[in-house]
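Student: My questions all concern the structure below.
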Amino acid sequence: MPAASASAAAAPGVARIATTYREAVRAAIREALARDPRTFIMGEDVGRYGGCYAVTKGLLDEFGPERIRDTPLSESGFVGAGIGAALGGMRPIVEVMTVNFSMLCLDQILNTAATLRHMSGGQFSVPVVIRMATGAGRQLAAQHSHSLENWYAHIPGIRVLAPATLEDARGMLATALADPDPVVIFENVMLYNMAGEIAADAGAVDIDRASVRRAGRDLSLVTYGGSLWKTLAAADELAREGIEAEVIDLRTLRPLDDATIMASVRRTRRAVVIDEGWRTGSLAGEISARIVEQCFWSLDAPIGRVCTAEVPIPYPKHLEDAALPQVPAIVAAARAALGR
Amino acid sequence: MPAASASAAAAPGVARIATTYREAVRAAIREALARDPRTFIMGEDVGRYGGCYAVTKGLLDEFGPERIRDTPLSESGFVGAGIGAALGGMRPIVEVMTVNFSMLCLDQILNTAATLRHMSGGQFSVPVVIRMATGAGRQLAAQHSHSLENWYAHIPGIRVLAPATLEDARGMLATALADPDPVVIFENVMLYNMAGEIAADAGAVDIDRASVRRAGRDLSLVTYGGSLWKTLAAADELAREGIEAEVIDLRTLRPLDDATIMASVRRTRRAVVIDEGWRTGSLAGEISARIVEQCFWSLDAPIGRVCTAEVPIPYPKHLEDAALPQVPAIVAAARAALGR
Amino acid sequence: MSTAREAKPHLTRPHVLALLREMLRIRRFEERCAELYQQEKIRGFLHLYIGEEAVAVGVMQALLPEDAVVATYREHGQALARGVAMNPLMAEMYGKQEGCSRGRGGSMHVFDAATRFYGGNAIVGGGLPLAVGLALADRMQNRANVTACFFGEGAAAEGEFHESMNLAALWRLPVLFVCENNLYAMGTALAISESETDIRAKAQCYRVPSAVVDGMDVVAVEAAARAAVAAIRAGEGPQFLECRTYRFRAHSMFDAQLYRSKEEVERWKERCPIAQLSAWGRSVGLVHDADIAAMEAEIATEVQASVDFAEAGSWEPLSDLARDVTTPREAA
Amino acid sequence: MSTAREAKPHLTRPHVLALLREMLRIRRFEERCAELYQQEKIRGFLHLYIGEEAVAVGVMQALLPEDAVVATYREHGQALARGVAMNPLMAEMYGKQEGCSRGRGGSMHVFDAATRFYGGNAIVGGGLPLAVGLALADRMQNRANVTACFFGEGAAAEGEFHESMNLAALWRLPVLFVCENNLYAMGTALAISESETDIRAKAQCYRVPSAVVDGMDVVAVEAAARAAVAAIRAGEGPQFLECRTYRFRAHSMFDAQLYRSKEEVERWKERCPIAQLSAWGRSVGLVHDADIAAMEAEIATEVQASVDFAEAGSWEPLSDLARDVTTPREAA
Ligand SMILES: Cc1ncc(C[n+]2csc(CCOP(=O)(O)OP(=O)(O)O)c2C)c(N)n1
Ligand SMILES: Cc1ncc(C[n+]2csc(CCOP(=O)(O)OP(=O)(O)O)c2C)c(N)n1
Ligand SMILES: [Mg+2]
Ligand SMILES: [Mg+2]
């Protein structure tokens with residue numbers, strides 16, 4: 001489990017508390033529910049079970065079954081109902097247990113949530129927040145290990161977030177709920193147990209900017225979500241070889257913050273993108289294409305991609321590990337970008 | 001409506017017949033049904049109605065309702081049933097009326113069709129062919145104008161085809177049906193009326209290679225599907241300015257034929273990718289990233305992308321046209337790649 | 001009709017004339033749309049409601065202004081009957097920015113905040129979850145509103161129908177499900193798409209009370225809708241109304257109608273909801289020839305005015321292409 | 001039991017012992033799996049069938065070798081009862097390449113071509129359309145096979161349930177739908193997920209004949225399954241069997257079981273299908289203590305052998321990572 005070492009340095013005088021990614025998300029949900037009577041959460045097993053990943057544990061007792069709403073196994077139905085409730089003046093948080101089940105409600109997200117404002121000529125906005133767990137690494141095999149962030153990042157009309165740090169886990173939800181348009185939040189399953197400290201008064205964070213999690217001059221490593229921590233570990237390893245990598249956490253996958261990426265690449269002149277999606281058609285491809293469009297004349301080397309192998313994720317640990325982006329592959333790609 | 005000018009030159013002595021893209025697809029379906037008793041077609045309104053785009057018109061009378069099978073409005077149900085029938089020894093052609101409705105069956109395609117062979121350790125293959133109409137241009141507005149080819153091209157375990165010529169409309173189906181794995185075929189709605197001539201004995205074509213539809217030395221224009229004809233028109237216009245563009249029709253979107261693309265770009269040193277998908281997360285991004293990975297040192301300019309504007313497709317013609325890739329934008333991108 | 005509360009609408013002369021007028025407005029509006037389609041003023045898909053007017057008009061009588069409506073791509077009738085003004089509706093058909101959806105939606109995506117008209121959905125079944133959500137929002141905010149959700153019998157085969165019916169029933173939400181059973185989904189007859197062709201049996205299996213009504217009889221539809229809406233407002237949860245109707249025209253403008261006979265169509269045309277009400281009205285002396293003539297004249301004027309409005313409307317500038325993809329943020 | 005053809009299985013001593021043995025094999029296999037999970041030999045999600053053995057064992061009695069089976073992620077019981085060998089099954093749990101799915105699938109994706117066992121599907125409801133298609137293939141190829149499709153009561157809320165039931169009924173396909181109603185979907189009790197908690201009412205609304213059976217009574221399940229399969233083979237189309245059962249263990253290995261009481265679990269444990277059959281068998285003199293002891297010993301040996309087999313198995317080499325994503329093409 002990664003330690004949350006990239007969290008913002010403690011501001012002097014601000015008390016800090018120990019937390020985990022899971023607790024940070026829960027605190028954000030609890031705060032949202034307490035603040036705004038229009039907010040409620042619905043999804044499979046968010047209530048009595050306490051959430052598949054225990055994120056919503058305890059909330060049913062605190063807020064009751066109207067606002068912590070267990071749904072039947074009906075992804076299209078309850079996600080569509082969340083969209084409708086948003087249209088009707090609520091501020092729903094819909095939990096789709098994992099991205100693996102979200103194809104079942106993708107029509108509602110693409111053809112209703114994302115298009116409704118446009119189709120109605122701007123009459124209606126859809127302020128729904130949809131949370132999903134994402135990612136592989138728990139040996140859950142081919143149907144339960146998807147990283148389909150790029151599918152969602154392809155959709156005009158929605159915003160896509162990937163909190164990778166405790167601060168973002170704690171802070172992105174509030175900002176997402178304040179957004180008048182649909183927001184999809186991807187929580188990487190490998191991060192839920194990540195422990196660390198955050199400011200006791202941590203709250204809403206911006207969702208417009210990518211963040212430089214580590215400064216460096218030699219190359220830019222661009223990533224998001226669960227891969228951030230592997231990338232930071234790779235950067236540490238590279239530092240031991242005297243290579244100073246800059247690590248950019250995209251944070252928001254749609255719309256992408258080109259400015260932060262390009263400013264970095266223009267300085268470092270080399271880039272590697274790390275993405276847990278399958279390589280072909282990955283978000284990494286999009287980032288690479290954008291860098292070429294905007295920084296071609298500054299590039300000293302081809303842009304590398306470290307992605308998931310193009311295979312349904314196998315169950316055995318050694319094969320799953322081999323399929324996913326890992327620190328050695330990131331280090332190797334960085335070296336290659338530097339011609340070493 | 002484009003004329004099918006990029007069709008292979010007539011071989012001497014082979015009779016040629018007039019046809020349309022629609023008729024070519026129909027001829028391919030009829031031939032498949034006649035040849036293999038395991039083949040049948042199912043989908044919404046393929047029978048009595050004659051197909052939403054009249055592709056299957058007349059087949060019900062010829063083959064009867066068991067093999068030209070009208071389905072209820074149940075995309076997940078009948079696509080899943082097609083997958084099951086393939087497992088059970090049939091060679092089904094499933095028609096999803098348009099890609100716009102395919103989110104409703106995407107779970108079956110991703111989590112069953114594409115993964116079943118892998119999950120079963122190679123015991124079962126899924127020889128299903130799924131056809132879908134795709135693309136905008138008919139003023140069908142936000143929910144009926146999608147080009148989601150890149151979503152499908154992202155999925156390991158399936159093959160994705162985009163016939164753009166009469167020969168490919170006529171020939172790809174047979175090859176797809178011979179493929180032991182799931183194949184998704186995208187037919188661009190703007191091509192159905194395209195008329196031209198093909199060899200009277202036209203039949204199966206390979207589905208492994210991209211095709212150079214126009215040779216040229218100055219830059220490579222890489223495209224597929226409905227955009228091929230706009231790209232060829234742009235190449236003609238460029239030729240009048242003395243710019244000789246090579247036009248590559250990808251034909252198969254998964255797996256991509258890198259060899260043909262890279263051979264061209266290594267010669268021309270410049271590339272523009274034309275893709276009707278929304279820009280962010282498009283297949284064009286993937287192609288661009290691959291070119292950078294494989295040809296960076298041969299490139300004399302950044303790779304251009306001409307894609308659909310990131311907006312749900314608007315109904316009015318002038319706005320729809322403005323949203324989609326058009327000849328002037330392709331010409332402009334080509335000029336830009338040449339520094340003009 | 002199955003519910004006990006069924007109350008015959010009060011068939012005063014003004015009410016009968018109002019019902020007749022609403023149906024006629026839809027009919028004449030759409031007839032004109034069909035012409036405009038031939039003239040290529042209207043493009044894309046155009047699905048006419050002609051023949052089914054009694055359903056929308058009858059149901060809307062039961063709704064209050066605060067109620068919500070969710071419809072399909074065949075929604076001009078619902079829009080007009082709900083009170084969406086004809087001028088912006090016609091401008092929408094043209095794609096002009098004076099249209100009710102600023103021209104962005106066209107025929108299939110009519111929206112109108114003023115009348116709580118939530119589309120206009122071209123994904124079969126796609127509106128049902130939305131209606132459930134709107135009703136949930138009303139319930140959670142303690143508003144006594146009803147959401148009326150229209151859909152075709154073809155939609156009943158979709159998984160979303162199943163999920164939405166169950167959710168609405170499970171949570172006892174104020175949804176009026178209105179199934180417009182016109183016997184065909186494009187070219188697919190009910191018996192080709194449903195193992196159980198009695199649509200009401202479906203509603204029952206979610207414990208949603210249901211009624212079946214002659215969808216060619218606007219008075220019957222109104223009565224059934226009023227009963228259902230009364231039950232909903234009384235807190236009895238969702239209600240289901242199957243309206244047996246028929247579309248006189250093709251599914252859309254691209255349909256050779258190979259799947260049904262001319263005779264069948266003609267038989268149903270004899271049950272035209274407008275002709276029926278008009279004939280009955282005359283027979284009981286509530287409607288006179290002069291009423292019809294006056295109505296026709298007024299509607300012709302209204303329709304023509306809407307065409308003039310649409311013609312005079314403007315195209316949204318290209319510079320606005322990316323407008324309304326997301327909601328503009330207030331400058332901070 | 002609702003069908004007329006219901007035929008009591010012939011309760012000979014060998015048959016009773018066979019039923020007992022099959023249930024016991026599943027029980028002991030899974031108890032060992034739970035231990036192996038604690039030892040981190042088995043990873044990922046592990047869903048135990050303990051308590052529900054009578055359902056799989058009872059249903060499988062009615063099937064022939066040519067029939068097909070589609071199951072869920074909770075499918076060890078179905079796999080063993082269907083005849084998937086224990087050694088490759090255990091090796092699959094380990095992820096070894098000697099596993100029945102070459103180790104690629106693990107606990108949730110057991111496949112076996114030899115017994116026409118088509119998984120092992122971790123998408124709730126995802127197997128139903130597949131079963132419909134397998135049955136369609138059999139029908140189109142004039143094979144008299146049946147496809148048995150297992151799913152939980154939670155799956156009945158999914159749209160795919162609705163679409164699949166309708167398709168199977170509409171086309172009169174030879175599918176035996178087996179609903180394992182264990183009252184909970186993860187932590188969601190039936191009444192929280194269904195407006196109609198009588199699952200049979202759902203089947204009826206597609207005109208699919210249905211029966212409800214005590215899923216803790218293997219003989220009752222066998223009888224009901226035989227009747228249903230006979231009806232299917234007689235060309236009467238799909239049949240639906242609701243088996244009322246209970247899982248004694250947590251949903252998966254990550255479940256604090258906050259949603260049900262210990263007392264409830266204990267009450268159901270008193271109806272353990274193995275204990276019941278064993279007690280009844282003894283009471284009528286068909287089963288003796290020595291039988292049980294011998295059986296336990298044999299099964300212990302078999303389970304241990306499977307563990308040894310799995311332990312001795314090998315990891316697929318990393319160089320094989322991309323294997324079986326697509327089917328290898330014959331070199332031309
Ligand atoms: C999910 C989906 N599948 C297919 C279509 C294509 N389609 C449009 S209308 C239609 C028929 C719908 O029939 P029904 O629900 O009975 O409504 P009607 O048109 O008869 O009013 C079909 C198949 C679609 N729009 N959406
Ligand atoms: C489409 C989908 N949604 C959610 C899940 C997560 N999930 C796995 S099992 C399960 C409960 C299923 O309950 P039921 O169908 O009753 O089967 P049981 O586990 O009781 O045997 C859930 C919600 C899933 N695997 N697939
Ligand atoms: Mg209909
Ligand atoms: Mg259950």
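Going through the structure tokens in order, the chains are called A, B, and so on, while each chain numbers its residues from 1 and the ligands are numbered from 1 in the order shown.
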Please return as a list in words the residues found within 7 Å of ligand 2, counting only C-alpha atoms and all ligand atoms.

Tutor: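 Written in the requested form, the residues are Glu44, Leu73, Met97 and Phe101 of chain A; Arg74, Ala122, Ile123, Val124, Gly125, Phe151, Gly152, Glu153, Gly154, Ala155, Glu180, Asn181, Asn182, Leu183, Tyr184, Ala185, Met186 and His251 of chain D.
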
Student: Using the selection just defined, write its residues with N, CA and C atoms as a PDB file, in the first residue's frame.

Tutor:
```pdb
ATOM      1  N   GLU A  44     -25.884   0.338  -5.007  1.00  0.00           N
ATOM      2  CA  GLU A  44     -26.033  -1.018  -4.501  1.00  0.00           C
ATOM      3  C   GLU A  44     -25.249  -1.177  -3.202  1.00  0.00           C
ATOM      4  N   LEU A  73     -30.238  -4.236  -7.895  1.00  0.00           N
ATOM      5  CA  LEU A  73     -29.247  -4.408  -8.955  1.00  0.00           C
ATOM      6  C   LEU A  73     -29.873  -3.943 -10.269  1.00  0.00           C
ATOM      7  N   MET A  97     -21.119   0.607  -8.100  1.00  0.00           N
ATOM      8  CA  MET A  97     -20.186  -0.122  -7.234  1.00  0.00           C
ATOM      9  C   MET A  97     -18.774  -0.130  -7.815  1.00  0.00           C
ATOM     10  N   PHE A 101     -19.246  -2.477 -13.823  1.00  0.00           N
ATOM     11  CA  PHE A 101     -20.690  -2.638 -14.035  1.00  0.00           C
ATOM     12  C   PHE A 101     -21.274  -1.426 -14.757  1.00  0.00           C
TER      13      PHE A 101
ATOM     14  N   ARG D  74     -20.746 -17.583  -8.035  1.00  0.00           N
ATOM     15  CA  ARG D  74     -20.887 -18.453  -6.857  1.00  0.00           C
ATOM     16  C   ARG D  74     -21.129 -19.858  -7.396  1.00  0.00           C
ATOM     17  N   ALA D 122     -19.132 -13.059 -13.585  1.00  0.00           N
ATOM     18  CA  ALA D 122     -19.108 -12.170 -12.420  1.00  0.00           C
ATOM     19  C   ALA D 122     -19.923 -10.906 -12.616  1.00  0.00           C
ATOM     20  N   ILE D 123     -20.631 -10.838 -13.719  1.00  0.00           N
ATOM     21  CA  ILE D 123     -21.553  -9.716 -13.925  1.00  0.00           C
ATOM     22  C   ILE D 123     -22.948 -10.234 -13.594  1.00  0.00           C
ATOM     23  N   VAL D 124     -23.546  -9.679 -12.564  1.00  0.00           N
ATOM     24  CA  VAL D 124     -24.854 -10.182 -12.144  1.00  0.00           C
ATOM     25  C   VAL D 124     -25.841 -10.030 -13.303  1.00  0.00           C
ATOM     26  N   GLY D 125     -26.464 -11.118 -13.660  1.00  0.00           N
ATOM     27  CA  GLY D 125     -27.419 -11.111 -14.770  1.00  0.00           C
ATOM     28  C   GLY D 125     -26.773 -11.378 -16.118  1.00  0.00           C
ATOM     29  N   PHE D 151     -28.913 -18.277 -11.378  1.00  0.00           N
ATOM     30  CA  PHE D 151     -28.683 -16.881 -10.997  1.00  0.00           C
ATOM     31  C   PHE D 151     -29.349 -16.632  -9.651  1.00  0.00           C
ATOM     32  N   GLY D 152     -28.905 -15.578  -8.993  1.00  0.00           N
ATOM     33  CA  GLY D 152     -29.480 -15.238  -7.687  1.00  0.00           C
ATOM     34  C   GLY D 152     -30.734 -14.405  -7.833  1.00  0.00           C
ATOM     35  N   GLU D 153     -31.462 -14.292  -6.739  1.00  0.00           N
ATOM     36  CA  GLU D 153     -32.700 -13.491  -6.788  1.00  0.00           C
ATOM     37  C   GLU D 153     -32.360 -12.022  -7.016  1.00  0.00           C
ATOM     38  N   GLY D 154     -31.164 -11.618  -6.643  1.00  0.00           N
ATOM     39  CA  GLY D 154     -30.777 -10.221  -6.878  1.00  0.00           C
ATOM     40  C   GLY D 154     -30.731  -9.894  -8.357  1.00  0.00           C
ATOM     41  N   ALA D 155     -30.357 -10.879  -9.157  1.00  0.00           N
ATOM     42  CA  ALA D 155     -30.255 -10.674 -10.602  1.00  0.00           C
ATOM     43  C   ALA D 155     -31.603 -10.373 -11.237  1.00  0.00           C
ATOM     44  N   GLU D 180     -31.760 -18.949  -7.640  1.00  0.00           N
ATOM     45  CA  GLU D 180     -31.309 -19.329  -6.299  1.00  0.00           C
ATOM     46  C   GLU D 180     -31.680 -18.199  -5.362  1.00  0.00           C
ATOM     47  N   ASN D 181     -32.849 -18.289  -4.805  1.00  0.00           N
ATOM     48  CA  ASN D 181     -33.322 -17.221  -3.931  1.00  0.00           C
ATOM     49  C   ASN D 181     -32.802 -17.459  -2.520  1.00  0.00           C
ATOM     50  N   ASN D 182     -31.682 -16.816  -2.230  1.00  0.00           N
ATOM     51  CA  ASN D 182     -31.099 -16.939  -0.887  1.00  0.00           C
ATOM     52  C   ASN D 182     -31.387 -15.702  -0.054  1.00  0.00           C
ATOM     53  N   LEU D 183     -32.375 -14.943  -0.478  1.00  0.00           N
ATOM     54  CA  LEU D 183     -32.941 -13.814   0.272  1.00  0.00           C
ATOM     55  C   LEU D 183     -32.101 -12.550   0.280  1.00  0.00           C
ATOM     56  N   TYR D 184     -30.835 -12.656  -0.050  1.00  0.00           N
ATOM     57  CA  TYR D 184     -29.988 -11.473  -0.050  1.00  0.00           C
ATOM     58  C   TYR D 184     -29.160 -11.377  -1.328  1.00  0.00           C
ATOM     59  N   ALA D 185     -28.987 -10.177  -1.771  1.00  0.00           N
ATOM     60  CA  ALA D 185     -28.008  -9.852  -2.803  1.00  0.00           C
ATOM     61  C   ALA D 185     -26.959  -9.013  -2.093  1.00  0.00           C
ATOM     62  N   MET D 186     -25.796  -9.582  -1.866  1.00  0.00           N
ATOM     63  CA  MET D 186     -24.862  -8.987  -0.920  1.00  0.00           C
ATOM     64  C   MET D 186     -25.624  -8.682   0.363  1.00  0.00           C
ATOM     65  N   HIS D 251     -21.261 -13.107   2.123  1.00  0.00           N
ATOM     66  CA  HIS D 251     -21.387 -12.996   0.668  1.00  0.00           C
ATOM     67  C   HIS D 251     -20.080 -13.362  -0.017  1.00  0.00           C
TER      68      HIS D 251
END
```

Student: Distance cut-off 10 Å, counting only C-alpha atoms - which residues of chain D neighbour chain B? Return them as a ChimeraX atom specification.

Tutor: /D:68,97,99-106,108-114,116,118-123,126-141,159-168,170-171,322-329

Student: From the list B:His318, B:His144, B:Arg266, B:Arg48, which residue is nearest ligand 1 when using only C-alpha atoms and all ligand atoms?

Tutor: B:His144

Student: Can you list every residue of chain A that has an atom at most 6 Å from chain B, with its nearest atom pair and the distance in Å to one decimal, using only C-alpha atoms, ordered by chain then number, as CSV?

Tutor:
```
residue,atom,partner,partner_atom,distance
A:Met103,CA,B:Asp107,CA,5.2
A:Leu106,CA,B:Met103,CA,5.9
A:Asp107,CA,B:Met103,CA,5.2
A:Asn111,CA,B:Gln143,CA,5.6
A:Gln143,CA,B:Asn111,CA,5.6
A:His154,CA,B:Gly281,CA,4.9
A:Pro156,CA,B:Glu310,CA,5.5
A:Thr280,CA,B:His154,CA,5.4
A:Gly281,CA,B:His154,CA,4.9
A:Gly285,CA,B:Glu286,CA,4.8
A:Glu286,CA,B:Gly285,CA,4.8
A:Ser288,CA,B:Ala289,CA,5.5
A:Ala289,CA,B:Gly285,CA,5.2
A:Val292,CA,B:Pro302,CA,5.7
A:Glu293,CA,B:Pro302,CA,5.6
A:Phe296,CA,B:Pro302,CA,5.6
A:Pro302,CA,B:Phe296,CA,5.5
A:Glu310,CA,B:Pro156,CA,5.5
A:Val311,CA,B:Pro156,CA,5.6
```

Student: Keeping N, CA and C atoms, export the residues of the selection given above as a compact mmCIF listing (two decimals), in the first residue's frame.

Tutor:
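File written: part.txt
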```txt
# COMPACT_ATOMS: atom_id res chain seq x y z
N MET A 103 -20.95 -0.26 -17.76
CA MET A 103 -21.46 -0.35 -19.12
C MET A 103 -22.98 -0.46 -19.09
N LEU A 106 -24.12 3.08 -19.02
CA LEU A 106 -23.37 4.03 -19.85
C LEU A 106 -24.30 4.78 -20.79
N ASP A 107 -25.34 4.11 -21.24
CA ASP A 107 -26.30 4.81 -22.10
C ASP A 107 -26.88 6.01 -21.36
N ASN A 111 -26.03 9.32 -23.18
CA ASN A 111 -27.15 9.82 -23.97
C ASN A 111 -28.13 10.67 -23.19
N GLN A 143 -13.36 -9.70 -15.58
CA GLN A 143 -14.57 -8.87 -15.60
C GLN A 143 -14.59 -7.82 -14.49
N HIS A 154 -13.86 10.65 -22.94
CA HIS A 154 -14.20 10.91 -24.35
C HIS A 154 -15.53 11.67 -24.48
N PRO A 156 -18.16 14.51 -24.25
CA PRO A 156 -18.40 15.93 -23.99
C PRO A 156 -19.62 16.09 -23.09
N THR A 280 -3.98 0.46 -26.39
CA THR A 280 -4.68 0.98 -27.58
C THR A 280 -5.94 1.73 -27.15
N GLY A 281 -6.05 2.96 -27.60
CA GLY A 281 -7.22 3.74 -27.26
C GLY A 281 -7.20 4.24 -25.83
N GLY A 285 -2.66 7.66 -24.87
CA GLY A 285 -2.55 8.01 -26.29
C GLY A 285 -3.00 9.45 -26.51
N GLU A 286 -4.08 9.83 -25.87
CA GLU A 286 -4.58 11.19 -26.01
C GLU A 286 -3.56 12.21 -25.49
N SER A 288 -0.37 11.82 -25.22
CA SER A 288 0.76 11.82 -26.14
C SER A 288 0.44 12.67 -27.37
N ALA A 289 -0.75 12.48 -27.93
CA ALA A 289 -1.13 13.24 -29.13
C ALA A 289 -1.16 14.73 -28.83
N VAL A 292 2.33 16.15 -28.63
CA VAL A 292 2.89 16.32 -29.98
C VAL A 292 2.28 17.54 -30.66
N GLU A 293 0.99 17.71 -30.51
CA GLU A 293 0.34 18.87 -31.13
C GLU A 293 0.87 20.18 -30.59
N PHE A 296 5.61 19.78 -30.02
CA PHE A 296 6.45 18.97 -30.90
C PHE A 296 7.86 19.53 -31.01
N PRO A 302 10.89 10.57 -28.45
CA PRO A 302 9.50 10.14 -28.56
C PRO A 302 8.86 10.04 -27.16
N GLU A 310 -2.53 -5.58 -23.43
CA GLU A 310 -3.85 -5.70 -24.06
C GLU A 310 -4.38 -7.12 -23.91
N VAL A 311 -4.77 -7.39 -22.70
CA VAL A 311 -5.25 -8.70 -22.35
C VAL A 311 -6.28 -8.52 -21.23
```

Student: Which neighbours of D:Ile26 fall inside 8 Å, counting only C-alpha atoms, when residues of the same chain fewer than 3 positions from it are skipped, and could you give them as a compact mmCIF listing (two decimals) with N, CA, C and O atoms, in the first residue's frame?

Tutor:
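Done, and the output landed in out.txt:
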```
# COMPACT_ATOMS: atom_id res chain seq x y z
N GLU D 22 -22.64 -35.85 -3.25
CA GLU D 22 -22.40 -34.66 -4.07
C GLU D 22 -22.45 -33.39 -3.22
O GLU D 22 -21.62 -32.49 -3.36
N MET D 23 -23.44 -33.35 -2.33
CA MET D 23 -23.55 -32.16 -1.48
C MET D 23 -22.37 -32.06 -0.53
O MET D 23 -21.82 -30.98 -0.30
N PHE D 29 -15.23 -29.28 -0.02
CA PHE D 29 -14.37 -28.55 -0.95
C PHE D 29 -14.34 -27.07 -0.56
O PHE D 29 -13.28 -26.45 -0.45
N GLU D 30 -15.50 -26.51 -0.33
CA GLU D 30 -15.55 -25.07 -0.05
C GLU D 30 -15.03 -24.73 1.33
O GLU D 30 -14.42 -23.67 1.53
N ILE D 50 -21.92 -22.62 0.45
CA ILE D 50 -22.27 -23.45 1.60
C ILE D 50 -23.67 -23.13 2.12
O ILE D 50 -23.98 -21.97 2.38
N GLU D 53 -26.19 -26.15 -1.29
CA GLU D 53 -25.76 -27.29 -2.12
C GLU D 53 -26.90 -28.05 -2.75
O GLU D 53 -26.76 -28.63 -3.84
N HIS D 76 -18.93 -22.85 -7.57
CA HIS D 76 -18.19 -24.10 -7.32
C HIS D 76 -19.15 -25.27 -7.19
O HIS D 76 -18.84 -26.38 -7.63
N GLY D 77 -20.27 -25.02 -6.56
CA GLY D 77 -21.25 -26.09 -6.35
C GLY D 77 -21.78 -26.61 -7.68
O GLY D 77 -21.83 -27.82 -7.92
N LEU D 80 -18.93 -28.63 -9.49
CA LEU D 80 -18.70 -29.98 -8.96
C LEU D 80 -19.89 -30.89 -9.27
O LEU D 80 -19.72 -32.02 -9.74
N ALA D 81 -21.08 -30.38 -9.03
CA ALA D 81 -22.26 -31.22 -9.25
C ALA D 81 -22.42 -31.57 -10.73
O ALA D 81 -22.95 -32.63 -11.08
```

Student: Please identify all polymer residues within 12 Å of stretch 335-339 of chain A, counting only C-alpha atoms, omitting same-chain residues fewer than 4 positions from it, and present them as a PyMOL selection string.

Tutor: (chain A and resi 217-221+234-235+237-239+241-245+268-273+299-306+328-331) or (chain B and resi 293+296)
